[in-house]
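Undergrad: File name start.csv; file contents CSV, C-alpha atoms; full text below.
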```csv
chain,number,residue,atom,x,y,z
A,1,MET,CA,84.0,130.5,83.5
A,2,ALA,CA,81.1,128.5,82.2
A,3,GLU,CA,82.4,129.0,78.7
A,4,LYS,CA,85.7,127.3,79.4
A,5,HIS,CA,84.7,123.7,79.7
A,6,SER,CA,87.7,121.5,79.5
A,7,PRO,CA,87.1,117.9,78.3
A,8,LEU,CA,88.9,116.8,81.4
A,9,GLU,CA,86.8,118.7,83.8
A,10,GLN,CA,84.5,115.7,84.3
A,11,PHE,CA,87.3,113.9,86.1
A,12,ILE,CA,87.8,116.5,88.8
A,13,ILE,CA,87.3,115.2,92.3
A,14,LYS,CA,85.2,117.6,94.4
A,15,PRO,CA,84.8,117.1,98.1
A,16,LEU,CA,81.1,117.1,99.0
A,17,ILE,CA,81.5,116.7,102.8
A,18,PRO,CA,85.0,118.0,103.8
A,19,LEU,CA,86.5,115.8,106.5
A,20,LYS,CA,90.1,116.0,107.8
A,21,ALA,CA,91.4,113.5,110.2
A,22,GLY,CA,95.0,113.2,111.4
A,23,GLY,CA,96.5,115.0,108.5
A,24,LEU,CA,94.6,112.8,106.0
A,25,ASP,CA,92.0,114.2,103.7
A,26,LEU,CA,89.1,111.8,104.2
A,27,SER,CA,86.4,114.0,102.6
A,28,PHE,CA,83.4,112.4,101.1
A,29,THR,CA,83.9,113.2,97.4
A,30,ASN,CA,81.8,113.0,94.3
A,31,SER,CA,83.8,109.8,93.5
A,32,ALA,CA,82.8,108.3,96.8
A,33,ALA,CA,79.2,109.4,96.3
A,34,PHE,CA,79.0,107.6,93.0
A,35,MET,CA,80.6,104.5,94.5
A,36,ALA,CA,77.9,104.6,97.2
A,37,ILE,CA,75.2,105.1,94.5
A,38,ALA,CA,76.6,102.1,92.5
A,39,VAL,CA,76.4,99.9,95.6
A,40,VAL,CA,72.9,101.0,96.4
A,41,VAL,CA,71.7,100.6,92.8
A,42,ILE,CA,73.2,97.1,92.5
A,43,THR,CA,71.8,96.0,95.8
A,44,LEU,CA,68.3,97.4,94.9
A,45,VAL,CA,68.3,95.7,91.5
A,46,MET,CA,69.3,92.4,93.1
A,47,ILE,CA,66.8,92.6,96.0
A,48,VAL,CA,63.9,93.9,93.9
A,49,GLY,CA,64.7,91.5,91.2
A,50,MET,CA,64.5,88.5,93.4
A,51,ARG,CA,61.8,89.6,95.8
A,52,ARG,CA,59.0,87.7,94.0
A,53,PRO,CA,60.8,85.2,91.8
A,54,ALA,CA,58.5,83.9,89.1
A,55,LEU,CA,58.8,81.2,86.4
A,56,VAL,CA,58.3,83.9,83.8
A,57,PRO,CA,60.7,86.6,85.1
A,58,SER,CA,59.9,90.2,85.3
A,59,ARG,CA,62.3,92.8,83.8
A,60,MET,CA,64.2,93.3,87.1
A,61,GLN,CA,64.3,89.5,87.7
A,62,SER,CA,65.7,89.0,84.2
A,63,ILE,CA,68.5,91.6,84.9
A,64,ALA,CA,69.4,89.9,88.2
A,65,GLU,CA,69.3,86.4,86.7
A,66,LEU,CA,71.3,87.4,83.6
A,67,GLY,CA,74.0,89.0,85.7
A,68,TYR,CA,74.2,86.0,87.9
A,69,LEU,CA,74.3,83.6,85.0
A,70,PHE,CA,76.9,85.7,83.1
A,71,VAL,CA,79.3,85.7,86.0
A,72,ALA,CA,78.7,82.1,87.0
A,73,ASN,CA,79.4,80.9,83.5
A,74,MET,CA,82.4,83.1,83.2
A,75,LEU,CA,83.8,81.7,86.4
A,76,ARG,CA,83.0,78.1,85.5
A,77,ASP,CA,84.5,78.5,82.0
A,78,THR,CA,87.8,80.0,83.2
A,79,VAL,CA,88.4,78.5,86.7
A,80,GLY,CA,86.2,75.4,86.7
A,81,SER,CA,84.2,74.1,89.6
A,82,GLU,CA,86.9,75.0,92.2
A,83,GLY,CA,86.2,78.6,91.5
A,84,ARG,CA,82.7,78.4,92.9
A,85,ARG,CA,84.0,79.4,96.4
A,86,TYR,CA,85.1,82.7,95.0
A,87,PHE,CA,81.8,83.5,93.2
A,88,PRO,CA,80.7,86.2,95.7
A,89,PHE,CA,83.9,88.2,95.3
A,90,ILE,CA,83.9,87.9,91.5
A,91,PHE,CA,80.3,88.8,91.2
A,92,THR,CA,80.7,91.8,93.5
A,93,LEU,CA,83.7,92.9,91.5
A,94,PHE,CA,82.0,92.6,88.1
A,95,MET,CA,78.9,94.4,89.3
A,96,PHE,CA,80.9,97.2,91.0
A,97,VAL,CA,83.0,97.8,87.9
A,98,LEU,CA,80.0,97.6,85.5
A,99,GLY,CA,78.0,99.9,87.8
A,100,GLY,CA,80.8,102.5,87.8
A,101,ASN,CA,81.2,102.3,84.0
A,102,MET,CA,77.5,102.6,83.4
A,103,LEU,CA,76.9,105.4,85.9
A,104,GLY,CA,79.6,107.3,84.1
A,105,MET,CA,77.5,107.1,80.9
A,106,ILE,CA,74.7,109.2,82.6
A,107,PRO,CA,75.1,112.9,81.8
A,108,TYR,CA,76.6,114.8,84.8
A,109,GLY,CA,77.6,111.4,86.2
A,110,PHE,CA,81.1,110.7,87.5
A,111,THR,CA,83.1,107.7,86.4
A,112,TYR,CA,85.0,106.5,89.4
A,113,THR,CA,86.7,103.8,87.2
A,114,SER,CA,88.4,106.6,85.3
A,115,HIS,CA,90.7,107.2,88.2
A,116,ILE,CA,93.8,105.0,88.3
A,117,ILE,CA,93.9,105.0,92.0
A,118,VAL,CA,90.5,103.3,92.1
A,119,THR,CA,91.3,100.7,89.5
A,120,PHE,CA,94.8,100.1,90.9
A,121,THR,CA,93.5,99.6,94.4
A,122,MET,CA,91.1,96.9,93.1
A,123,ALA,CA,93.9,95.4,91.0
A,124,ALA,CA,96.3,95.4,94.0
A,125,ILE,CA,93.7,93.7,96.2
A,126,ILE,CA,93.1,91.0,93.5
A,127,PHE,CA,96.9,90.6,93.0
A,128,ILE,CA,97.6,90.1,96.7
A,129,GLY,CA,94.6,87.9,97.3
A,130,VAL,CA,95.3,85.7,94.3
A,131,THR,CA,99.0,85.4,95.3
A,132,LEU,CA,98.0,84.4,98.9
A,133,ILE,CA,95.5,81.9,97.6
A,134,GLY,CA,98.3,80.3,95.5
A,135,LEU,CA,100.7,80.3,98.4
A,136,VAL,CA,98.2,78.8,100.8
A,137,LYS,CA,97.1,76.1,98.4
A,138,HIS,CA,100.5,75.1,97.0
A,139,GLY,CA,102.9,76.3,99.7
A,140,LEU,CA,106.5,76.6,98.4
A,141,ARG,CA,105.6,74.8,95.2
A,142,PHE,CA,103.9,78.1,94.2
A,143,PHE,CA,107.4,79.6,93.4
A,144,ALA,CA,107.8,76.9,90.7
A,145,PHE,CA,105.4,79.2,88.9
A,146,PHE,CA,108.4,81.5,88.1
A,147,LEU,CA,110.4,78.9,86.4
A,148,PRO,CA,108.9,77.7,83.2
A,149,PRO,CA,109.2,73.9,82.8
A,150,GLY,CA,111.9,72.9,80.4
A,151,THR,CA,114.1,75.9,81.0
A,152,PRO,CA,117.9,75.1,80.9
A,153,LEU,CA,119.4,75.6,84.3
A,154,TRP,CA,121.9,78.1,83.1
A,155,MET,CA,119.1,80.2,81.8
A,156,ALA,CA,117.2,80.1,85.1
A,157,PRO,CA,118.5,83.4,86.7
A,158,LEU,CA,117.4,85.3,83.6
A,159,ALA,CA,114.1,83.5,83.1
A,160,VAL,CA,113.1,83.8,86.8
A,161,VAL,CA,113.7,87.6,86.8
A,162,ILE,CA,111.7,88.0,83.6
A,163,GLU,CA,108.9,85.8,85.0
A,164,ILE,CA,108.8,87.8,88.2
A,165,ILE,CA,108.6,91.1,86.3
A,166,SER,CA,105.9,89.6,84.1
A,167,TYR,CA,104.0,88.5,87.2
A,168,PHE,CA,104.2,91.9,88.8
A,169,SER,CA,103.1,93.7,85.6
A,170,ARG,CA,99.7,92.0,86.0
A,171,PRO,CA,98.1,94.5,88.4
A,172,ILE,CA,99.6,97.4,86.4
A,173,SER,CA,98.2,96.2,83.1
A,174,LEU,CA,94.9,95.2,84.7
A,175,SER,CA,94.3,98.6,86.3
A,176,VAL,CA,95.8,100.7,83.4
A,177,ARG,CA,93.5,99.0,80.9
A,178,LEU,CA,90.3,99.8,82.7
A,179,PHE,CA,91.4,103.3,83.6
A,180,ALA,CA,92.7,104.2,80.2
A,181,ASN,CA,89.7,103.0,78.4
A,182,MET,CA,87.3,104.9,80.6
A,183,LEU,CA,89.4,108.1,80.5
A,184,ALA,CA,90.0,108.1,76.8
A,185,GLY,CA,86.4,107.3,75.8
A,186,HIS,CA,84.9,109.9,78.1
A,187,SER,CA,87.4,112.7,77.1
A,188,LEU,CA,86.8,111.8,73.4
A,189,MET,CA,83.1,112.2,73.8
A,190,LYS,CA,83.5,115.6,75.5
A,191,VAL,CA,85.9,116.8,72.8
A,192,PHE,CA,83.5,115.9,70.0
A,193,ALA,CA,80.6,117.4,72.0
A,194,GLY,CA,82.6,120.6,72.2
A,195,PHE,CA,82.7,120.9,68.4
A,196,ILE,CA,78.9,120.8,68.0
A,197,ILE,CA,78.4,124.4,69.1
A,198,SER,CA,81.6,125.9,67.7
A,199,LEU,CA,80.9,124.5,64.2
A,200,GLY,CA,77.5,126.2,64.0
A,201,VAL,CA,75.5,124.8,61.1
A,202,PHE,CA,78.0,121.9,60.5
A,203,GLY,CA,77.6,120.9,64.0
A,204,PHE,CA,75.5,118.0,63.0
A,205,VAL,CA,78.7,116.1,61.9
A,206,PRO,CA,80.2,115.9,65.4
A,207,PHE,CA,76.7,115.4,66.7
A,208,LEU,CA,76.4,112.2,64.7
A,209,ALA,CA,79.9,111.3,65.9
A,210,VAL,CA,78.9,111.7,69.5
A,211,PHE,CA,75.7,109.7,68.8
A,212,ALA,CA,77.8,106.8,67.5
A,213,LEU,CA,80.4,107.2,70.2
A,214,THR,CA,77.8,106.9,72.9
A,215,GLY,CA,76.8,103.5,71.6
A,216,LEU,CA,80.5,102.5,71.4
A,217,GLU,CA,81.1,103.8,74.9
A,218,LEU,CA,78.2,101.7,76.3
A,219,LEU,CA,79.8,98.7,74.6
A,220,ILE,CA,83.2,99.5,76.0
A,221,ALA,CA,81.8,100.1,79.5
A,222,PHE,CA,80.4,96.6,79.4
A,223,LEU,CA,83.4,95.0,77.7
A,224,GLN,CA,85.9,96.5,80.1
A,225,ALA,CA,84.0,95.3,83.1
A,226,TYR,CA,83.9,91.9,81.5
A,227,VAL,CA,87.7,92.0,80.7
A,228,PHE,CA,88.5,93.1,84.2
A,229,THR,CA,86.5,90.3,85.7
A,230,VAL,CA,87.7,87.6,83.3
A,231,LEU,CA,91.3,88.5,83.9
A,232,THR,CA,90.7,88.2,87.6
A,233,CYS,CA,89.2,84.7,87.0
A,234,LEU,CA,92.3,83.8,84.9
A,235,TYR,CA,94.7,84.9,87.6
A,236,LEU,CA,92.7,83.0,90.1
A,237,ASN,CA,92.9,79.9,87.8
A,238,ASP,CA,96.6,80.3,87.6
A,239,ALA,CA,96.9,80.4,91.3
A,240,LEU,CA,94.6,77.4,91.9
A,241,HIS,CA,96.0,75.2,89.1
A,242,LEU,CA,99.7,75.8,88.8
A,243,HIS,CA,101.0,74.9,85.4
B,1,MET,CA,50.6,61.8,67.3
B,2,SER,CA,50.7,64.3,70.1
B,3,ASP,CA,51.8,61.6,72.5
B,4,ASN,CA,54.7,60.9,70.1
B,5,GLY,CA,55.7,64.5,69.9
B,6,GLU,CA,55.7,64.8,73.7
B,7,LYS,CA,58.0,61.8,73.9
B,8,SER,CA,60.5,63.2,71.5
B,9,ASP,CA,60.3,66.5,73.4
B,10,LEU,CA,61.1,64.7,76.6
B,11,ALA,CA,63.9,62.8,74.9
B,12,SER,CA,65.5,66.0,73.6
B,13,PHE,CA,65.0,67.6,77.0
B,14,ASP,CA,66.7,64.7,78.6
B,15,GLY,CA,69.6,65.1,76.2
B,16,ARG,CA,69.9,68.8,76.9
B,17,LEU,CA,69.7,68.3,80.6
B,18,LYS,CA,72.5,65.7,80.5
B,19,GLN,CA,74.6,68.0,78.4
B,20,ALA,CA,74.1,70.9,80.8
B,21,ARG,CA,74.9,68.7,83.8
B,22,GLU,CA,78.1,67.5,82.2
B,23,GLN,CA,79.1,71.0,81.4
B,24,ALA,CA,78.5,72.1,84.9
B,25,LEU,CA,80.3,69.2,86.5
B,26,ASP,CA,83.3,69.0,84.3
B,27,PRO,CA,85.9,71.5,85.4
B,28,LEU,CA,88.1,70.8,82.4
B,29,ASN,CA,85.4,72.0,80.1
B,30,LYS,CA,86.5,75.5,79.4
B,31,PRO,CA,85.4,77.1,76.2
B,32,GLY,CA,86.2,80.5,77.8
B,33,HIS,CA,89.5,81.0,76.0
B,34,LYS,CA,87.9,80.7,72.6
B,35,LYS,CA,85.4,83.4,73.5
B,36,ASN,CA,88.3,85.7,74.3
B,37,ALA,CA,89.9,85.1,71.0
B,38,GLN,CA,86.9,86.8,69.2
B,39,MET,CA,87.8,90.1,70.7
B,40,SER,CA,87.9,93.0,68.2
B,41,GLY,CA,91.2,94.0,66.6
B,42,ILE,CA,91.4,97.4,68.4
B,43,GLY,CA,90.8,95.6,71.7
B,44,LEU,CA,93.7,93.3,70.9
B,45,ALA,CA,95.9,96.3,69.9
B,46,PHE,CA,95.1,98.1,73.1
B,47,ARG,CA,95.8,95.0,75.2
B,48,VAL,CA,99.2,94.3,73.6
B,49,SER,CA,100.4,97.9,74.0
B,50,ILE,CA,99.3,98.1,77.6
B,51,GLU,CA,101.0,94.7,78.4
B,52,LEU,CA,104.3,96.0,76.8
B,53,ILE,CA,104.3,99.3,78.5
B,54,SER,CA,103.3,98.0,82.0
B,55,ALA,CA,106.0,95.3,81.9
B,56,VAL,CA,108.7,97.9,81.0
B,57,ALA,CA,107.4,100.2,83.7
B,58,VAL,CA,107.5,97.5,86.3
B,59,GLY,CA,111.0,96.5,85.2
B,60,GLY,CA,112.2,100.1,85.5
B,61,GLY,CA,110.5,100.5,88.9
B,62,PHE,CA,112.2,97.3,90.2
B,63,GLY,CA,115.6,98.4,88.9
B,64,TRP,CA,115.1,101.9,90.5
B,65,LEU,CA,114.2,100.4,93.9
B,66,LEU,CA,117.2,97.9,93.7
B,67,ASP,CA,119.5,100.8,92.8
B,68,GLY,CA,118.3,102.8,95.8
B,69,TRP,CA,119.0,99.7,98.0
B,70,LEU,CA,122.4,98.7,96.6
B,71,GLY,CA,123.6,102.3,95.7
B,72,THR,CA,124.3,101.6,92.0
B,73,ARG,CA,122.1,104.4,90.8
B,74,PRO,CA,121.7,104.3,87.1
B,75,TRP,CA,122.9,100.8,86.2
B,76,LEU,CA,120.4,98.3,87.6
B,77,MET,CA,117.6,100.4,86.3
B,78,LEU,CA,118.9,100.2,82.8
B,79,VAL,CA,119.3,96.5,83.0
B,80,PHE,CA,115.9,96.0,84.4
B,81,ILE,CA,114.2,98.2,81.8
B,82,LEU,CA,115.6,95.7,79.2
B,83,LEU,CA,114.4,92.8,81.2
B,84,GLY,CA,111.0,94.5,81.5
B,85,GLY,CA,110.9,94.8,77.7
B,86,ALA,CA,111.6,91.0,77.5
B,87,ALA,CA,108.8,90.3,80.0
B,88,GLY,CA,106.5,92.5,78.0
B,89,MET,CA,107.3,90.6,74.9
B,90,LEU,CA,106.7,87.4,76.8
B,91,ASN,CA,103.3,88.6,77.8
B,92,VAL,CA,102.4,89.5,74.2
B,93,TYR,CA,103.7,86.2,73.1
B,94,ARG,CA,101.4,84.5,75.5
B,95,ILE,CA,98.4,86.5,74.3
B,96,SER,CA,99.2,85.7,70.7
B,97,SER,CA,100.0,82.0,71.2
B,98,GLY,CA,96.4,81.2,72.0
B,99,ASN,CA,96.6,81.3,75.8
B,100,GLY,CA,94.2,84.2,75.9
B,101,TYR,CA,94.8,86.4,78.9
B,102,ALA,CA,96.3,83.6,80.9
B,103,ALA,CA,100.0,83.8,81.8
B,104,GLY,CA,100.3,80.0,81.3
B,105,TYR,CA,103.2,78.2,79.8
B,106,VAL,CA,101.5,75.4,78.0
B,107,LYS,CA,98.9,75.4,75.2
B,108,GLU,CA,95.3,74.5,75.7
B,109,GLU,CA,95.2,70.7,75.1
B,110,PRO,CA,98.3,69.7,77.1
B,111,ASP,CA,97.1,72.2,79.7
B,112,ALA,CA,93.9,70.2,80.3
B,113,GLU,CA,95.8,67.0,80.8
B,114,ASP,CA,98.4,68.6,83.0
B,115,ARG,CA,95.7,70.0,85.2
B,116,ALA,CA,93.9,66.7,85.6
B,117,GLY,CA,97.1,65.2,86.7
B,118,GLY,CA,97.9,68.1,89.0
B,119,ASP,CA,94.5,68.0,90.6
B,120,GLN,CA,94.8,64.4,91.5
B,121,GLY,CA,98.2,65.0,93.0
B,122,ASN,CA,96.9,67.8,95.2
B,123,GLN,CA,94.0,65.8,96.6
```
Can you turn what I pasted into structure tokens?
TA:
Amino acid sequence: MAEKHSPLEQFIIKPLIPLKAGGLDLSFTNSAAFMAIAVVVITLVMIVGMRRPALVPSRMQSIAELGYLFVANMLRDTVGSEGRRYFPFIFTLFMFVLGGNMLGMIPYGFTYTSHIIVTFTMAAIIFIGVTLIGLVKHGLRFFAFFLPPGTPLWMAPLAVVIEIISYFSRPISLSVRLFANMLAGHSLMKVFAGFIISLGVFGFVPFLAVFALTGLELLIAFLQAYVFTVLTCLYLNDALHLH
Amino acid sequence: MSDNGEKSDLASFDGRLKQAREQALDPLNKPGHKKNAQMSGIGLAFRVSIELISAVAVGGGFGWLLDGWLGTRPWLMLVFILLGGAAGMLNVYRISSGNGYAAGYVKEEPDAEDRAGGDQGNQ
């Protein structure tokens, strides 16, 4: 049993505290546990980092300040000053996704962002929220979003349908991108790691590959958190400033 | 000498402070899209493929739901898969035409003017 390690075994959801309520499986799983760990770690970094703010920051304070500045600049660059109101949400989102990706890099860790239901739930919340913001801010003018300016009127039925499909493909592409990157990267690492033992003396070749892949995965973990957040900012920008 | 150096330090600090303030206050100042353009080639390839596939999937899903509603089982789905492909290409075109991730319709410079006008209209 222990010999048959599948590269996909790391993604199996295991209930830690079984809990059934009204026909629903509400067990506290390893996925939920790592989400809770991520929230606790992020909160601790922020609280400890800013407990004694100094002019010359300590390491923890640097992390907290860098995170804040990174998200604040991203939001300002993509949405402008109107986006400031949404900073808490964007910051939480970035930290949660980054936390999930980074916790997955720890051996025996679980990557909750490698499950499409997690990323899709986040994307769906963002999609609905952004659409509501656009509707509240612009009212019925929001629907002009689906008709590109300068479209001939006889083309409108076709263009509107295509625009609506394009709009609804946003949460899908947003969630699939994060999930696929995490799933592919982590399985690839496991596959290469499996070769190390089976190749015997030549195992150093896949070992070097895994060594390099770990660095690449760290980069991707950060980059995908950035991409997820920056796309959210751009969707927010679209809703706030209709073209 | 040292007094002089201090003064020029202060002047350059003033300049930087002013620049930082302007950057913070000006909502139209958005170098963000340029940063996105520097993404690696493989990142771009991944993005394009996912945009294409997700649009086709959404189109097919819409068609399937409409079919179930109107009782025209295979036909609307076929039409909507094609429309989804068109939407996917539209998404890819927007990525490649310098709009970055944004699903906007206008390029960067006219966009800024457009937005300034639109903001005034809204207020």
Undergrad: Which one is closest to chain A: B:Ala11, B:Met89, B:Ala55, B:Ile42? Count only C-alpha atoms.
TA: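 Checking each candidate against chain A, we get B:Ala55 as the closest.
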Undergrad: With 8 Å as the limit and counting all atoms listed in the file, what residues in chain A lie close to chain B? Please list them as a ChimeraX atom specification.
TA: /A:74,76-82,148-149,161-163,165-166,168-169,172-173,176-177,231,234-235,238,241-243
Undergrad: Please provide as a PDB file with C-alpha atoms, keeping the file's coordinate frame all residues within 9 Å of segment 93-102 of chain A, with the sequence filter that same-chain residues fewer than 5 positions apart are discarded (counting all atoms listed in the file).
TA:
```pdb
ATOM      1  CA  PHE A  34      79.000 107.600  93.000  1.00  0.00           C
ATOM      2  CA  MET A  35      80.600 104.500  94.500  1.00  0.00           C
ATOM      3  CA  ILE A  37      75.200 105.100  94.500  1.00  0.00           C
ATOM      4  CA  ALA A  38      76.600 102.100  92.500  1.00  0.00           C
ATOM      5  CA  VAL A  39      76.400  99.900  95.600  1.00  0.00           C
ATOM      6  CA  VAL A  41      71.700 100.600  92.800  1.00  0.00           C
ATOM      7  CA  ILE A  42      73.200  97.100  92.500  1.00  0.00           C
ATOM      8  CA  GLY A  67      74.000  89.000  85.700  1.00  0.00           C
ATOM      9  CA  VAL A  71      79.300  85.700  86.000  1.00  0.00           C
ATOM     10  CA  PRO A  88      80.700  86.200  95.700  1.00  0.00           C
ATOM     11  CA  PHE A 110      81.100 110.700  87.500  1.00  0.00           C
ATOM     12  CA  THR A 111      83.100 107.700  86.400  1.00  0.00           C
ATOM     13  CA  TYR A 112      85.000 106.500  89.400  1.00  0.00           C
ATOM     14  CA  THR A 113      86.700 103.800  87.200  1.00  0.00           C
ATOM     15  CA  SER A 114      88.400 106.600  85.300  1.00  0.00           C
ATOM     16  CA  THR A 119      91.300 100.700  89.500  1.00  0.00           C
ATOM     17  CA  MET A 122      91.100  96.900  93.100  1.00  0.00           C
ATOM     18  CA  MET A 182      87.300 104.900  80.600  1.00  0.00           C
ATOM     19  CA  LEU A 218      78.200 101.700  76.300  1.00  0.00           C
ATOM     20  CA  ILE A 220      83.200  99.500  76.000  1.00  0.00           C
ATOM     21  CA  ALA A 221      81.800 100.100  79.500  1.00  0.00           C
ATOM     22  CA  PHE A 222      80.400  96.600  79.400  1.00  0.00           C
ATOM     23  CA  LEU A 223      83.400  95.000  77.700  1.00  0.00           C
ATOM     24  CA  GLN A 224      85.900  96.500  80.100  1.00  0.00           C
ATOM     25  CA  ALA A 225      84.000  95.300  83.100  1.00  0.00           C
ATOM     26  CA  TYR A 226      83.900  91.900  81.500  1.00  0.00           C
ATOM     27  CA  PHE A 228      88.500  93.100  84.200  1.00  0.00           C
ATOM     28  CA  THR A 229      86.500  90.300  85.700  1.00  0.00           C
ATOM     29  CA  VAL A 230      87.700  87.600  83.300  1.00  0.00           C
TER      30      VAL A 230
END
```
Undergrad: Interatomic distance between atom CA of Phe146 of chain A and atom CA of Val160 of chain A?
TA: 5.4 Å
Undergrad: Need the shell around Thr214 of chain A: protein/DNA/RNA residues with any atom at most 12 Å away, counting all atoms listed in the file. Skip same-chain ones fewer than 3 positions apart. Format as a compact mmCIF listing (two decimals) with C-alpha atoms, in the coordinates of the input?
TA:
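As written to disk, selection27.txt reads:
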```
# COMPACT_ATOMS: atom_id res chain seq x y z
CA MET A 102 77.50 102.60 83.40
CA GLY A 104 79.60 107.30 84.10
CA MET A 105 77.50 107.10 80.90
CA ILE A 106 74.70 109.20 82.60
CA PRO A 107 75.10 112.90 81.80
CA GLY A 185 86.40 107.30 75.80
CA HIS A 186 84.90 109.90 78.10
CA SER A 187 87.40 112.70 77.10
CA LEU A 188 86.80 111.80 73.40
CA MET A 189 83.10 112.20 73.80
CA LYS A 190 83.50 115.60 75.50
CA PHE A 192 83.50 115.90 70.00
CA ALA A 193 80.60 117.40 72.00
CA PRO A 206 80.20 115.90 65.40
CA PHE A 207 76.70 115.40 66.70
CA LEU A 208 76.40 112.20 64.70
CA ALA A 209 79.90 111.30 65.90
CA VAL A 210 78.90 111.70 69.50
CA PHE A 211 75.70 109.70 68.80
CA GLU A 217 81.10 103.80 74.90
CA LEU A 218 78.20 101.70 76.30
CA LEU A 219 79.80 98.70 74.60
CA ILE A 220 83.20 99.50 76.00
CA ALA A 221 81.80 100.10 79.50
```
Undergrad: At what distance in Å, to one decimal, does atom CA of Glu9 of chain A lie from atom CA of Phe204 of chain A?
TA: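 Between these atoms lies a distance of 23.7 Å.
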Undergrad: For the atom pair atom CA of Ala20 of chain B and atom CA of Ala64 of chain A, what is the interatomic distance in Å to one decimal place?
TA: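 According to the coordinates, atom CA of Ala20 of chain B and atom CA of Ala64 of chain A are separated by 20.9 Å.
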Undergrad: Looking at A:Ile196, A:Met50, A:Leu240, A:Ile116, which one is nearest to Val136 of chain A, with distances taken over only C-alpha atoms?
TA: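 Closest residue, counting only C-alpha atoms: A:Leu240.
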